[in-house]
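Coordinates as given in start_9.cif (mmCIF, C-alpha atoms):
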```cif
data_target
loop_
_atom_site.label_atom_id
_atom_site.label_comp_id
_atom_site.auth_asym_id
_atom_site.auth_seq_id
_atom_site.Cartn_x
_atom_site.Cartn_y
_atom_site.Cartn_z
CA MET T 1 -34.08 -7.57 -73.98
CA THR T 2 -33.95 -10.58 -76.43
CA THR T 3 -30.54 -11.94 -77.55
CA ALA T 4 -29.63 -13.75 -80.71
CA THR T 5 -30.10 -17.13 -79.05
CA GLY T 6 -33.65 -16.31 -78.16
CA THR T 7 -33.06 -15.92 -74.42
CA THR T 8 -34.26 -12.97 -72.57
CA GLU T 9 -31.87 -11.10 -70.32
CA PRO T 10 -33.14 -9.20 -67.35
CA THR T 11 -32.98 -5.51 -67.83
CA ALA T 12 -31.69 -3.19 -65.14
CA PRO T 13 -34.30 -1.00 -63.57
CA THR T 14 -34.34 2.47 -64.99
CA GLU T 15 -34.11 5.57 -62.88
CA THR T 16 -36.01 8.70 -63.50
CA ALA T 17 -33.70 11.40 -64.70
CA GLY T 18 -33.15 14.05 -62.17
CA ALA T 19 -34.75 12.05 -59.33
CA PRO T 20 -32.42 11.69 -56.36
CA GLU T 21 -31.64 8.24 -55.06
CA THR T 22 -33.38 7.62 -51.72
CA PRO T 23 -31.55 5.50 -49.16
CA ALA T 24 -33.23 2.48 -47.63
CA GLU T 25 -35.08 3.28 -44.44
CA ALA T 26 -33.62 1.87 -41.22
CA PRO T 27 -35.83 -0.62 -39.41
CA ALA T 28 -37.79 0.85 -36.54
CA HIS T 29 -36.75 0.00 -32.94
CA THR T 30 -39.78 -1.99 -31.93
CA PRO T 31 -40.11 -3.74 -28.54
CA ARG T 32 -39.64 -7.07 -30.28
CA THR T 33 -36.33 -6.08 -31.86
CA LEU T 34 -35.10 -4.57 -28.61
CA TRP T 35 -35.95 -7.78 -26.75
CA ARG T 36 -34.18 -9.92 -29.31
CA ARG T 37 -31.04 -7.81 -29.01
CA SER T 38 -30.91 -7.61 -25.21
CA ARG T 39 -32.47 -10.87 -24.07
CA ARG T 40 -29.10 -12.56 -23.47
CA TYR T 41 -27.96 -9.82 -21.12
CA VAL T 42 -31.29 -9.67 -19.32
CA LEU T 43 -31.43 -13.44 -18.84
CA SER T 44 -27.81 -13.54 -17.62
CA ALA T 45 -28.44 -10.76 -15.10
CA GLY T 46 -31.62 -12.50 -13.92
CA ALA T 47 -29.75 -15.77 -13.44
CA LEU T 48 -27.05 -14.03 -11.36
CA VAL T 49 -29.66 -12.35 -9.17
CA LEU T 50 -31.47 -15.65 -8.68
CA VAL T 51 -28.30 -17.51 -7.72
CA GLY T 52 -27.33 -14.73 -5.30
CA ALA T 53 -30.75 -14.79 -3.69
CA VAL T 54 -30.62 -18.58 -3.28
CA VAL T 55 -27.14 -18.48 -1.75
CA ALA T 56 -28.09 -15.63 0.57
CA GLY T 57 -31.25 -17.42 1.61
CA ILE T 58 -29.55 -20.66 2.61
CA THR T 59 -29.46 -20.87 6.41
CA GLY T 60 -28.32 -23.50 8.80
CA GLN T 61 -25.46 -24.65 6.59
CA THR T 62 -22.70 -22.92 8.52
CA SER T 63 -22.03 -23.08 12.23
CA THR T 64 -22.58 -20.10 14.46
CA TYR T 65 -19.72 -21.25 16.71
CA PRO T 66 -15.99 -21.13 16.00
CA ALA T 67 -13.83 -24.22 15.86
CA LEU T 68 -13.11 -26.03 19.18
CA ASP T 69 -16.15 -24.43 20.78
CA PRO T 70 -17.55 -26.67 23.58
CA ARG T 71 -21.11 -25.63 22.70
CA SER T 72 -20.85 -26.72 19.07
CA GLY T 73 -22.04 -30.08 17.79
CA ASP T 74 -20.42 -29.51 14.38
CA PRO T 75 -17.56 -31.75 13.26
CA HIS T 76 -15.00 -29.13 14.39
CA GLY T 77 -16.74 -28.43 17.70
CA THR T 78 -15.93 -30.06 21.05
CA LEU T 79 -19.36 -30.81 22.51
CA ALA T 80 -18.57 -34.55 22.63
CA VAL T 81 -15.60 -33.89 24.93
CA VAL T 82 -17.86 -31.90 27.25
CA HIS T 83 -20.31 -34.81 27.46
CA LEU T 84 -17.44 -37.22 28.09
CA LEU T 85 -16.10 -35.09 30.95
CA GLU T 86 -19.54 -34.62 32.50
CA GLN T 87 -20.09 -38.38 32.45
CA HIS T 88 -16.97 -38.68 34.63
CA GLY T 89 -18.16 -36.02 37.08
CA ILE T 90 -16.15 -33.10 35.73
CA GLY T 91 -17.94 -29.75 35.86
CA VAL T 92 -17.55 -27.76 32.64
CA ARG T 93 -18.27 -24.08 32.21
CA THR T 94 -17.03 -21.22 30.05
CA ALA T 95 -15.34 -17.90 30.81
CA ALA T 96 -15.99 -14.91 28.58
CA THR T 97 -13.90 -12.14 30.14
CA GLU T 98 -10.28 -11.73 31.14
CA GLN T 99 -11.36 -11.22 34.75
CA ASP T 100 -13.13 -14.61 34.73
CA LEU T 101 -10.01 -16.17 33.26
CA THR T 102 -7.68 -14.80 35.93
CA THR T 103 -10.14 -15.89 38.62
CA ALA T 104 -10.19 -19.41 37.20
CA LEU T 105 -6.38 -19.53 37.12
CA ARG T 106 -6.22 -18.41 40.73
CA THR T 107 -8.77 -20.99 41.88
CA GLY T 108 -7.31 -24.34 42.89
CA GLY T 109 -8.46 -27.65 41.45
CA THR T 110 -9.32 -26.17 38.03
CA THR T 111 -8.25 -26.93 34.47
CA VAL T 112 -8.29 -23.90 32.15
CA VAL T 113 -8.29 -24.33 28.37
CA LEU T 114 -7.09 -21.55 26.05
CA PRO T 115 -8.14 -22.60 22.53
CA ARG T 116 -7.13 -19.37 20.70
CA THR T 117 -3.98 -17.89 22.18
CA ASP T 118 -3.24 -16.15 18.87
CA LEU T 119 -6.14 -13.77 19.55
CA LEU T 120 -4.62 -12.58 22.82
CA SER T 121 -2.64 -9.36 22.66
CA PRO T 122 0.88 -9.12 24.13
CA ASP T 123 -0.51 -7.08 27.05
CA GLN T 124 -3.12 -9.75 27.80
CA LEU T 125 -0.51 -12.50 27.69
CA ASP T 126 1.71 -10.49 30.04
CA ARG T 127 -1.14 -9.99 32.51
CA LEU T 128 -2.00 -13.70 32.42
CA ALA T 129 1.64 -14.60 33.04
CA ARG T 130 1.80 -12.30 36.10
CA ALA T 131 -1.58 -13.40 37.47
CA PRO T 132 -1.39 -15.64 40.57
CA ARG T 133 -2.13 -19.30 39.89
CA GLY T 134 -3.35 -22.10 42.09
CA ASP T 135 -2.61 -25.80 41.78
CA GLY T 136 -4.53 -26.04 38.50
CA ARG T 137 -3.62 -27.00 34.96
CA LEU T 138 -3.44 -24.64 31.99
CA VAL T 139 -3.94 -26.25 28.57
CA LEU T 140 -2.78 -24.23 25.55
CA ILE T 141 -4.03 -25.37 22.15
CA ALA T 142 -1.64 -24.64 19.26
CA PRO T 143 0.18 -21.81 21.04
CA GLU T 144 2.65 -19.78 19.02
CA GLN T 145 5.89 -18.29 20.25
CA PRO T 146 4.46 -15.14 21.94
CA ALA T 147 2.12 -17.29 24.06
CA LEU T 148 4.92 -19.75 24.83
CA ASP T 149 7.24 -16.97 25.98
CA ALA T 150 4.61 -15.67 28.37
CA LEU T 151 2.98 -18.87 29.66
CA LEU T 152 5.49 -21.64 28.97
CA PRO T 153 9.00 -20.11 29.09
CA GLY T 154 11.82 -22.12 27.59
CA THR T 155 9.66 -23.88 24.99
CA THR T 156 10.11 -22.88 21.36
CA THR T 157 8.21 -23.72 18.22
CA GLY T 158 9.82 -25.93 15.61
CA THR T 159 11.17 -24.52 12.38
CA ASP T 160 9.02 -26.88 10.26
CA GLN T 161 5.60 -26.05 11.63
CA GLY T 162 2.84 -28.15 10.20
CA THR T 163 -0.79 -27.30 9.65
CA ASP T 164 -4.08 -28.47 11.07
CA ASP T 165 -5.32 -30.05 7.86
CA PRO T 166 -6.27 -33.76 7.92
CA VAL T 167 -3.23 -34.71 5.88
CA ALA T 168 -0.71 -33.22 8.32
CA VAL T 169 -2.50 -34.41 11.50
CA LEU T 170 -1.92 -38.17 11.69
CA THR T 171 -1.91 -40.94 14.27
CA THR T 172 1.21 -40.55 16.41
CA PRO T 173 2.59 -42.75 19.20
CA ALA T 174 3.20 -41.17 22.60
CA ARG T 175 6.85 -42.17 23.22
CA CYS T 176 7.02 -40.46 26.61
CA ALA T 177 6.44 -41.20 30.31
CA LEU T 178 3.54 -38.80 30.86
CA PRO T 179 0.82 -40.87 32.57
CA GLU T 180 -2.00 -39.42 30.46
CA ALA T 181 -0.10 -40.21 27.24
CA VAL T 182 0.88 -43.72 28.42
CA VAL T 183 -2.77 -44.57 29.13
CA ALA T 184 -3.99 -43.09 25.79
CA GLY T 185 -1.29 -44.59 23.59
CA THR T 186 -1.49 -43.39 19.99
CA ALA T 187 -3.48 -40.23 19.29
CA THR T 188 -4.31 -37.89 16.44
CA LEU T 189 -1.72 -35.19 16.96
CA GLY T 190 0.38 -32.97 14.74
CA GLY T 191 0.06 -29.34 13.77
CA LEU T 192 2.68 -27.19 15.46
CA THR T 193 5.81 -28.85 16.79
CA TYR T 194 7.82 -27.74 19.81
CA ARG T 195 11.23 -28.01 21.35
CA ALA T 196 10.69 -28.53 25.09
CA ALA T 197 12.73 -26.83 27.77
CA PRO T 198 15.07 -28.99 29.91
CA GLY T 199 13.11 -30.80 32.59
CA ASP T 200 9.77 -30.74 30.75
CA THR T 201 8.08 -33.82 29.30
CA ALA T 202 7.66 -33.96 25.52
CA CYS T 203 5.38 -36.46 23.78
CA TYR T 204 4.08 -37.48 20.37
CA PRO T 205 7.10 -36.60 18.24
CA ARG T 206 6.80 -35.73 14.57
CA HIS T 207 9.61 -34.59 12.25
CA GLY T 208 12.08 -34.84 15.12
CA ARG T 209 10.07 -32.56 17.44
CA GLU T 210 7.18 -33.08 19.82
CA THR T 211 3.57 -32.00 19.52
CA LEU T 212 2.77 -32.17 23.25
CA VAL T 213 4.79 -30.49 26.01
CA HIS T 214 4.04 -30.86 29.73
CA HIS T 215 5.55 -28.56 32.34
CA ARG T 216 5.15 -28.97 36.09
CA ALA T 217 6.03 -26.04 38.37
CA ALA T 218 6.12 -25.58 42.14
CA GLY T 219 2.80 -25.95 43.92
CA ASN T 220 1.58 -28.66 41.54
CA ARG T 221 0.91 -26.09 38.82
CA GLU T 222 0.92 -27.59 35.35
CA THR T 223 1.01 -26.19 31.84
CA VAL T 224 0.32 -28.30 28.74
CA ALA T 225 0.88 -27.22 25.12
CA LEU T 226 -0.86 -29.15 22.32
CA GLY T 227 0.26 -28.72 18.72
CA THR T 228 -3.32 -29.06 17.52
CA GLY T 229 -6.80 -29.35 18.93
CA ASN T 230 -8.04 -31.84 16.33
CA LEU T 231 -7.99 -34.73 18.80
CA LEU T 232 -10.73 -32.90 20.79
CA THR T 233 -13.13 -32.34 17.90
CA ASN T 234 -16.41 -34.22 17.55
CA ASP T 235 -15.36 -36.02 14.38
CA ARG T 236 -12.04 -37.30 15.85
CA ILE T 237 -12.72 -37.89 19.53
CA ASP T 238 -13.52 -41.56 18.87
CA GLU T 239 -10.32 -42.24 16.89
CA ASP T 240 -7.30 -44.04 18.41
CA GLY T 241 -6.66 -42.90 21.97
CA ASN T 242 -8.05 -39.38 21.53
CA ALA T 243 -10.85 -39.82 24.09
CA ALA T 244 -8.49 -41.23 26.73
CA LEU T 245 -5.94 -38.48 26.13
CA ALA T 246 -8.63 -35.76 26.25
CA LEU T 247 -10.05 -37.19 29.47
CA GLY T 248 -6.58 -37.37 31.02
CA LEU T 249 -5.52 -33.87 30.02
CA LEU T 250 -8.82 -32.06 30.68
CA GLY T 251 -10.20 -34.19 33.51
CA SER T 252 -7.37 -34.13 36.02
CA ARG T 253 -9.21 -31.48 38.12
CA PRO T 254 -12.81 -31.36 39.29
CA GLN T 255 -13.57 -28.20 37.30
CA LEU T 256 -12.88 -27.31 33.66
CA ILE T 257 -13.00 -23.70 32.46
CA TRP T 258 -13.07 -23.12 28.71
CA TYR T 259 -12.05 -19.58 27.80
CA LEU T 260 -14.44 -18.25 25.12
CA PRO T 261 -14.09 -14.48 24.73
CA ASP T 262 -16.17 -12.49 22.28
CA TYR T 263 -13.91 -12.76 19.25
CA THR T 264 -15.92 -10.09 17.45
CA SER T 265 -15.27 -7.44 20.11
CA PRO T 266 -12.56 -4.78 19.65
CA GLU T 267 -10.76 -6.19 22.72
CA ALA T 268 -10.21 -9.50 20.92
CA HIS T 269 -8.93 -7.83 17.75
CA ARG T 270 -6.29 -5.53 19.12
CA ARG T 271 -3.63 -7.20 17.08
CA THR T 272 -2.85 -5.48 13.83
CA LEU T 273 -1.49 -6.88 10.61
CA LEU T 274 2.06 -5.93 11.64
CA ASP T 275 1.77 -8.24 14.65
CA TYR T 276 1.74 -11.22 12.27
CA VAL T 277 4.82 -10.10 10.32
CA PRO T 278 7.97 -11.98 11.40
CA GLY T 279 10.77 -9.88 12.78
CA GLY T 280 13.16 -10.78 9.97
CA TRP T 281 10.85 -9.26 7.38
CA TYR T 282 11.47 -5.78 8.77
CA TRP T 283 15.20 -6.10 8.07
CA ALA T 284 14.44 -7.55 4.65
CA GLY T 285 12.14 -4.62 3.88
CA LEU T 286 14.80 -2.16 5.04
CA GLN T 287 17.41 -3.80 2.82
CA LEU T 288 15.05 -3.76 -0.16
CA ALA T 289 14.31 -0.07 0.40
CA LEU T 290 18.05 0.70 0.59
CA ALA T 291 18.64 -1.30 -2.59
CA ALA T 292 15.85 0.63 -4.32
CA LEU T 293 17.41 3.95 -3.29
CA LEU T 294 20.81 2.87 -4.55
CA ALA T 295 19.30 1.72 -7.85
CA ALA T 296 17.49 5.04 -8.19
CA ALA T 297 20.72 6.95 -7.56
CA TRP T 298 22.53 4.73 -10.07
CA ARG T 299 19.93 5.21 -12.81
CA ALA T 300 19.13 8.86 -12.08
CA ARG T 301 19.65 11.45 -14.82
CA ARG T 302 22.84 13.42 -14.36
CA LEU T 303 23.62 16.88 -15.80
CA GLY T 304 26.93 16.65 -17.65
CA PRO T 305 29.01 19.41 -19.25
CA VAL T 306 27.40 21.87 -21.62
CA VAL T 307 27.32 20.51 -25.16
CA THR T 308 27.74 23.02 -27.94
CA GLU T 309 25.79 22.37 -31.10
CA PRO T 310 26.16 24.15 -34.43
CA LEU T 311 23.29 26.48 -35.19
CA PRO T 312 21.26 25.57 -38.25
CA VAL T 313 21.37 29.19 -39.47
CA VAL T 314 23.98 31.86 -38.74
CA VAL T 315 22.44 35.34 -38.59
CA ARG T 316 24.80 38.29 -38.86
CA ALA T 317 24.60 40.97 -36.21
CA ALA T 318 23.98 43.63 -38.83
CA GLU T 319 21.00 41.70 -40.15
CA THR T 320 19.59 41.35 -36.65
CA THR T 321 19.98 45.07 -36.03
CA GLU T 322 18.41 45.93 -39.35
CA GLY T 323 15.51 43.59 -38.76
CA ARG T 324 14.85 45.09 -35.34
CA ALA T 325 15.01 48.60 -36.80
CA ARG T 326 12.45 47.68 -39.43
CA LEU T 327 10.15 46.34 -36.73
CA TYR T 328 10.48 49.67 -34.89
CA GLN T 329 9.79 51.52 -38.13
CA ARG T 330 6.73 49.44 -38.94
CA ALA T 331 5.37 49.93 -35.44
CA ARG T 332 6.31 53.65 -35.51
CA ALA T 333 8.04 53.13 -32.19
CA ARG T 334 10.29 56.19 -32.44
CA GLY T 335 10.40 56.54 -28.67
CA ARG T 336 11.60 52.94 -28.16
CA ALA T 337 14.21 53.35 -30.89
CA ALA T 338 15.44 56.64 -29.44
CA ASP T 339 15.67 55.12 -25.96
CA ALA T 340 17.75 52.23 -27.33
CA LEU T 341 20.11 54.62 -29.14
CA ARG T 342 20.48 56.93 -26.13
CA SER T 343 21.03 54.04 -23.67
CA ALA T 344 23.78 52.56 -25.83
CA ALA T 345 25.41 55.98 -26.22
CA ARG T 346 25.25 56.66 -22.45
CA HIS T 347 26.96 53.36 -21.63
CA ARG T 348 29.73 53.96 -24.16
CA LEU T 349 30.30 57.52 -22.95
CA ALA T 350 30.36 56.39 -19.31
CA GLY T 351 33.04 53.83 -20.14
CA ALA T 352 35.11 56.40 -22.00
CA LEU T 353 34.80 59.04 -19.24
CA GLY T 354 35.12 56.67 -16.28
CA ILE T 355 31.64 57.31 -14.89
CA PRO T 356 30.46 54.39 -12.67
CA LEU T 357 27.14 52.71 -13.29
CA THR T 358 24.43 52.66 -10.63
CA ALA T 359 21.72 49.99 -11.11
CA GLY T 360 22.94 49.48 -14.68
CA GLU T 361 22.80 53.17 -15.66
CA PRO T 362 25.27 56.08 -15.16
CA ASP T 363 24.23 59.08 -13.12
CA ALA T 364 22.62 61.62 -15.46
CA THR T 365 24.09 64.71 -13.79
CA ALA T 366 27.61 63.30 -13.52
CA LEU T 367 27.59 62.04 -17.11
CA SER T 368 26.27 65.29 -18.51
CA ALA T 369 28.77 67.37 -16.52
CA ALA T 370 31.75 65.22 -17.52
CA THR T 371 30.77 65.25 -21.20
CA ALA T 372 30.20 69.02 -21.19
CA ALA T 373 33.58 69.59 -19.51
CA ARG T 374 35.33 67.45 -22.09
CA LEU T 375 33.68 69.27 -25.05
CA GLY T 376 33.35 72.74 -23.54
CA ARG T 377 29.59 72.81 -24.10
CA PRO T 378 26.78 73.64 -21.71
CA ALA T 379 25.73 70.69 -19.54
CA ALA T 380 22.05 71.39 -20.25
CA ASP T 381 22.54 70.81 -23.98
CA VAL T 382 24.33 67.52 -23.39
CA GLN T 383 21.63 66.33 -20.95
CA GLN T 384 18.92 67.32 -23.43
CA LEU T 385 20.64 65.22 -26.07
CA LEU T 386 21.17 62.15 -23.87
CA TYR T 387 17.96 62.29 -21.82
CA GLY T 388 15.60 64.40 -23.92
CA PRO T 389 12.10 63.63 -25.14
CA ALA T 390 11.29 61.21 -27.90
CA PRO T 391 11.46 62.48 -31.48
CA THR T 392 8.18 63.30 -33.18
CA ASP T 393 8.99 62.00 -36.67
CA ASP T 394 11.52 59.98 -38.63
CA ALA T 395 13.54 63.04 -39.58
CA ALA T 396 13.96 64.01 -35.93
CA LEU T 397 15.03 60.41 -35.15
CA LEU T 398 17.70 60.58 -37.89
CA ARG T 399 18.96 63.92 -36.55
CA LEU T 400 19.17 62.40 -33.05
CA THR T 401 21.20 59.50 -34.41
CA ASP T 402 23.67 61.83 -36.17
CA GLN T 403 24.03 64.03 -33.08
CA LEU T 404 24.75 61.02 -30.82
CA ASP T 405 27.38 59.71 -33.25
CA ALA T 406 29.03 63.15 -33.42
CA LEU T 407 28.98 63.43 -29.62
CA GLU T 408 30.75 60.10 -29.18
CA ARG T 409 33.40 60.95 -31.80
CA GLN T 410 34.16 64.25 -30.15
CA VAL T 411 34.48 62.67 -26.69
CA ARG T 412 36.80 59.93 -27.92
CA GLN T 413 39.08 62.35 -29.81
CA PRO T 414 42.29 63.02 -27.89
#
```

Entire entry expressed as structure tokens:
Amino acid sequence: MTTATGTTEPTAPTETAGAPETPAEAPAHTPRTLWRRSRRYVLSAGALVLVGAVVAGITGQTSTYPALDPRSGDPHGTLAVVHLLEQHGIGVRTAATEQDLTTALRTGGTTVVLPRTDLLSPDQLDRLARAPRGDGRLVLIAPEQPALDALLPGTTTGTDQGTDDPVAVLTTPARCALPEAVVAGTATLGGLTYRAAPGDTACYPRHGRETLVHHRAAGNRETVALGTGNLLTNDRIDEDGNAALALGLLGSRPQLIWYLPDYTSPEAHRRTLLDYVPGGWYWAGLQLALAALLAAAWRARRLGPVVTEPLPVVVRAAETTEGRARLYQRARARGRAADALRSAARHRLAGALGIPLTAGEPDATALSAATAARLGRPAADVQQLLYGPAPTDDAALLRLTDQLDALERQVRQP
């Protein structure tokens, strides 16, 4: 189309009259389009699988031994202490069963090390406490209160227990008269702190409590509690006086028995989660449960007095009766209507004649006889009227209604 200025305007494309407009076809789902849409998810999943396979395939990075294991050369193992003791003529071996442990305790001239007293059940601790002991030494590493009660009575743990991390375990002076501690001097101790029983020797204080407790009983039996075993590990044995203290504590007898039970066996895992819950938490849980019950009783829904509300629509009784009658008429329920009329008449007559009700209805024979005696009519006619068959048509229903009304009027007349 040419305008007055000489320019040509583009004309809109014309459509054929009557031809329907066809929508544009959707692009086909080709493999290339599917790849472009899902490549991010596929590449991400592949990367996760690759990383998982690499992590799962890495071996030799973690130790197969637990911490403080005398067979482990890892930083947290104690193989260096074993070599140190063997160089001084101390025989070192391990015990894997409770029977081997009790035998070692009974044997004289033996030092027994319990590195994981927390894995011993209360029954095991009680049996160890009652087992006969020779003139050996029992070394407990980081024992908690149940182990102290059984194996070192009178000693209690401090209220501000530390941890075994490198920050909390620091160089500590001995400050006691124990010969092994005097020879060693300062050592890397910390961890759990203890309050020693009267007569016991306490060394290496931290935070006002000691981290080493020595108890000597009759028969030259000794028990030592260490707050941490870090001074025995391979990466700390050469620090301060750790080697001298380890040699003095573990090398006082010709034989050293290191108790290493199978920590993966069911016997070593008898303790349940409730065993680690402090006793005060049970009372706290009971108080919280009681508080929850009281709060529930306080906020519970209560049924108050009945509240009367005005009805939105007031329906007269006559209208209700008329509506029900029309429903009967529409359904041609002459029998139901007659039963309703007769039942109402029987109840009114029974009240007027003093006939008692049995199961909500008066006795048919007594009611018929009393009504007939009052009116001087045969009892059969009265019973036919009050208990007869249903009417067959509307006219018969109207006659029944008139007869019942007349019967009630006659009975109520003085």

Test item: residues at most 8 Å from T:Leu151, only C-alpha atoms, excluding those fewer than 4 positions along its chain, as a ChimeraX atom specification: /T:125,128-129,147,223

Expansion of the PyMOL selection byres ((chain T and resi 342) around 10) into residues, as a list in words: Arg336, Ala337, Ala338, Asp339, Ala340, Leu341, Ser343, Ala344, Ala345, Arg346, His347, Arg348, Leu385, Leu386, Tyr387, Gly388, Leu400, Thr401 and Leu404 of chain T

Output of the PyMOL selection byres ((chain T and resi 104) around 12), listed as a PyMOL selection string: chain T and resi 93-103+105-114+128+131-138+255-259

Using the chain letters and numbers from this file, what does the PyMOL selection byres ((chain T and resi 189) around 10) select? Give the answer as an mmCIF file with C-alpha atoms, in the coordinates of the input.
```cif
data_model
loop_
_atom_site.group_PDB
_atom_site.id
_atom_site.type_symbol
_atom_site.label_atom_id
_atom_site.label_comp_id
_atom_site.auth_asym_id
_atom_site.auth_seq_id
_atom_site.Cartn_x
_atom_site.Cartn_y
_atom_site.Cartn_z
ATOM 1 C CA ASP T 164 -4.080 -28.470 11.070
ATOM 2 C CA ALA T 168 -0.710 -33.220 8.320
ATOM 3 C CA VAL T 169 -2.500 -34.410 11.500
ATOM 4 C CA LEU T 170 -1.920 -38.170 11.690
ATOM 5 C CA THR T 171 -1.910 -40.940 14.270
ATOM 6 C CA THR T 172 1.210 -40.550 16.410
ATOM 7 C CA PRO T 173 2.590 -42.750 19.200
ATOM 8 C CA ALA T 174 3.200 -41.170 22.600
ATOM 9 C CA THR T 186 -1.490 -43.390 19.990
ATOM 10 C CA ALA T 187 -3.480 -40.230 19.290
ATOM 11 C CA THR T 188 -4.310 -37.890 16.440
ATOM 12 C CA GLY T 190 0.380 -32.970 14.740
ATOM 13 C CA GLY T 191 0.060 -29.340 13.770
ATOM 14 C CA LEU T 192 2.680 -27.190 15.460
ATOM 15 C CA THR T 193 5.810 -28.850 16.790
ATOM 16 C CA CYS T 203 5.380 -36.460 23.780
ATOM 17 C CA TYR T 204 4.080 -37.480 20.370
ATOM 18 C CA PRO T 205 7.100 -36.600 18.240
ATOM 19 C CA ARG T 206 6.800 -35.730 14.570
ATOM 20 C CA GLU T 210 7.180 -33.080 19.820
ATOM 21 C CA THR T 211 3.570 -32.000 19.520
ATOM 22 C CA LEU T 212 2.770 -32.170 23.250
ATOM 23 C CA LEU T 226 -0.860 -29.150 22.320
ATOM 24 C CA GLY T 227 0.260 -28.720 18.720
ATOM 25 C CA THR T 228 -3.320 -29.060 17.520
ATOM 26 C CA GLY T 229 -6.800 -29.350 18.930
ATOM 27 C CA ASN T 230 -8.040 -31.840 16.330
ATOM 28 C CA LEU T 231 -7.990 -34.730 18.800
ATOM 29 C CA ASN T 242 -8.050 -39.380 21.530
#
```

Shortest interatomic distance to T:Leu178 - which of T:His207, T:Arg301, T:Arg412, T:His214, counting all atoms listed in the file: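 Selected residue with least distance to T:Leu178: T:His214.
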
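Considering all atoms listed in the file, the residue among T:Leu353, T:Val139, T:Val81, T:Ala47 positioned nearest to T:Val224 is T:Val139.
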
Within 9 Å of stretch 364-369 of chain T using all atoms listed in the file, minus same-chain residues under 4 positions, as a PyMOL selection string: chain T and resi 346+349-350+353+355+373-374+378-383+386-387

Take the selection from the previous step and output its residues with C-alpha atoms, as a compact mmCIF listing (two decimals), keeping the file's coordinate frame.
```txt
# COMPACT_ATOMS: atom_id res chain seq x y z
CA ARG T 346 25.25 56.66 -22.45
CA LEU T 349 30.30 57.52 -22.95
CA ALA T 350 30.36 56.39 -19.31
CA LEU T 353 34.80 59.04 -19.24
CA ILE T 355 31.64 57.31 -14.89
CA ALA T 373 33.58 69.59 -19.51
CA ARG T 374 35.33 67.45 -22.09
CA PRO T 378 26.78 73.64 -21.71
CA ALA T 379 25.73 70.69 -19.54
CA ALA T 380 22.05 71.39 -20.25
CA ASP T 381 22.54 70.81 -23.98
CA VAL T 382 24.33 67.52 -23.39
CA GLN T 383 21.63 66.33 -20.95
CA LEU T 386 21.17 62.15 -23.87
CA TYR T 387 17.96 62.29 -21.82
```

Extract, using only C-alpha atoms, all DNA, RNA and protein residues at most 9 Å from T:Ala246, discarding same-chain residues fewer than 3 positions from it, and format them as an mmCIF file with C-alpha atoms, keeping the file's coordinate frame.
```
data_model
loop_
_atom_site.group_PDB
_atom_site.id
_atom_site.type_symbol
_atom_site.label_atom_id
_atom_site.label_comp_id
_atom_site.auth_asym_id
_atom_site.auth_seq_id
_atom_site.Cartn_x
_atom_site.Cartn_y
_atom_site.Cartn_z
ATOM 1 C CA VAL T 81 -15.600 -33.890 24.930
ATOM 2 C CA LEU T 85 -16.100 -35.090 30.950
ATOM 3 C CA GLU T 180 -2.000 -39.420 30.460
ATOM 4 C CA ALA T 184 -3.990 -43.090 25.790
ATOM 5 C CA LEU T 231 -7.990 -34.730 18.800
ATOM 6 C CA LEU T 232 -10.730 -32.900 20.790
ATOM 7 C CA ILE T 237 -12.720 -37.890 19.530
ATOM 8 C CA GLY T 241 -6.660 -42.900 21.970
ATOM 9 C CA ASN T 242 -8.050 -39.380 21.530
ATOM 10 C CA ALA T 243 -10.850 -39.820 24.090
ATOM 11 C CA LEU T 249 -5.520 -33.870 30.020
ATOM 12 C CA LEU T 250 -8.820 -32.060 30.680
ATOM 13 C CA GLY T 251 -10.200 -34.190 33.510
#
```

Polymer residues at most 9 Å from T:Asp118, all atoms listed in the file, same-chain spacing of 5 or more positions, as a list in words: Ala142, Pro143, Glu144, Pro146 and Ala147 of chain T

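A straight line drawn from atom CA of T:Val92 to atom CA of T:Ala80 is 12.1 Å long.
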
Atom CA of T:Asp200 to atom CA of T:Glu86, straight-line distance in Å: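 Rounded to one decimal, the two atoms are 29.6 Å apart.
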
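Taking atom CA of T:Ala217 and atom CA of T:Pro153 as endpoints, the distance between them is 11.4 Å.
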
Step by step, gather every atom of stretch 144-149 of chain T that the file lists, find the box along x, y and z that holds them, add 6 Å on each side, and finally give centre and edge lengths in Å to one decimal, as AutoDock Vina command-line options.
```
--center_x 4.7 --center_y -17.5 --center_z 22.5 --size_x 17.1 --size_y 16.6 --size_z 19.0
```

Within 9 Å of file point (-18.6, -24.0, 21.7), counting only C-alpha atoms, expressed as a list in words: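 Those residues, ordered by chain and then number, are Tyr65, Pro66, Ala67, Leu68, Asp69, Pro70, Arg71, Ser72, Gly73, Gly77, Thr78, Leu79, Thr94, Trp258 and Leu260 of chain T.
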
Counting only C-alpha atoms, the option among T:Gly335, T:Gly185, T:Pro312, T:Gly354 closest to T:Ala396: T:Gly335
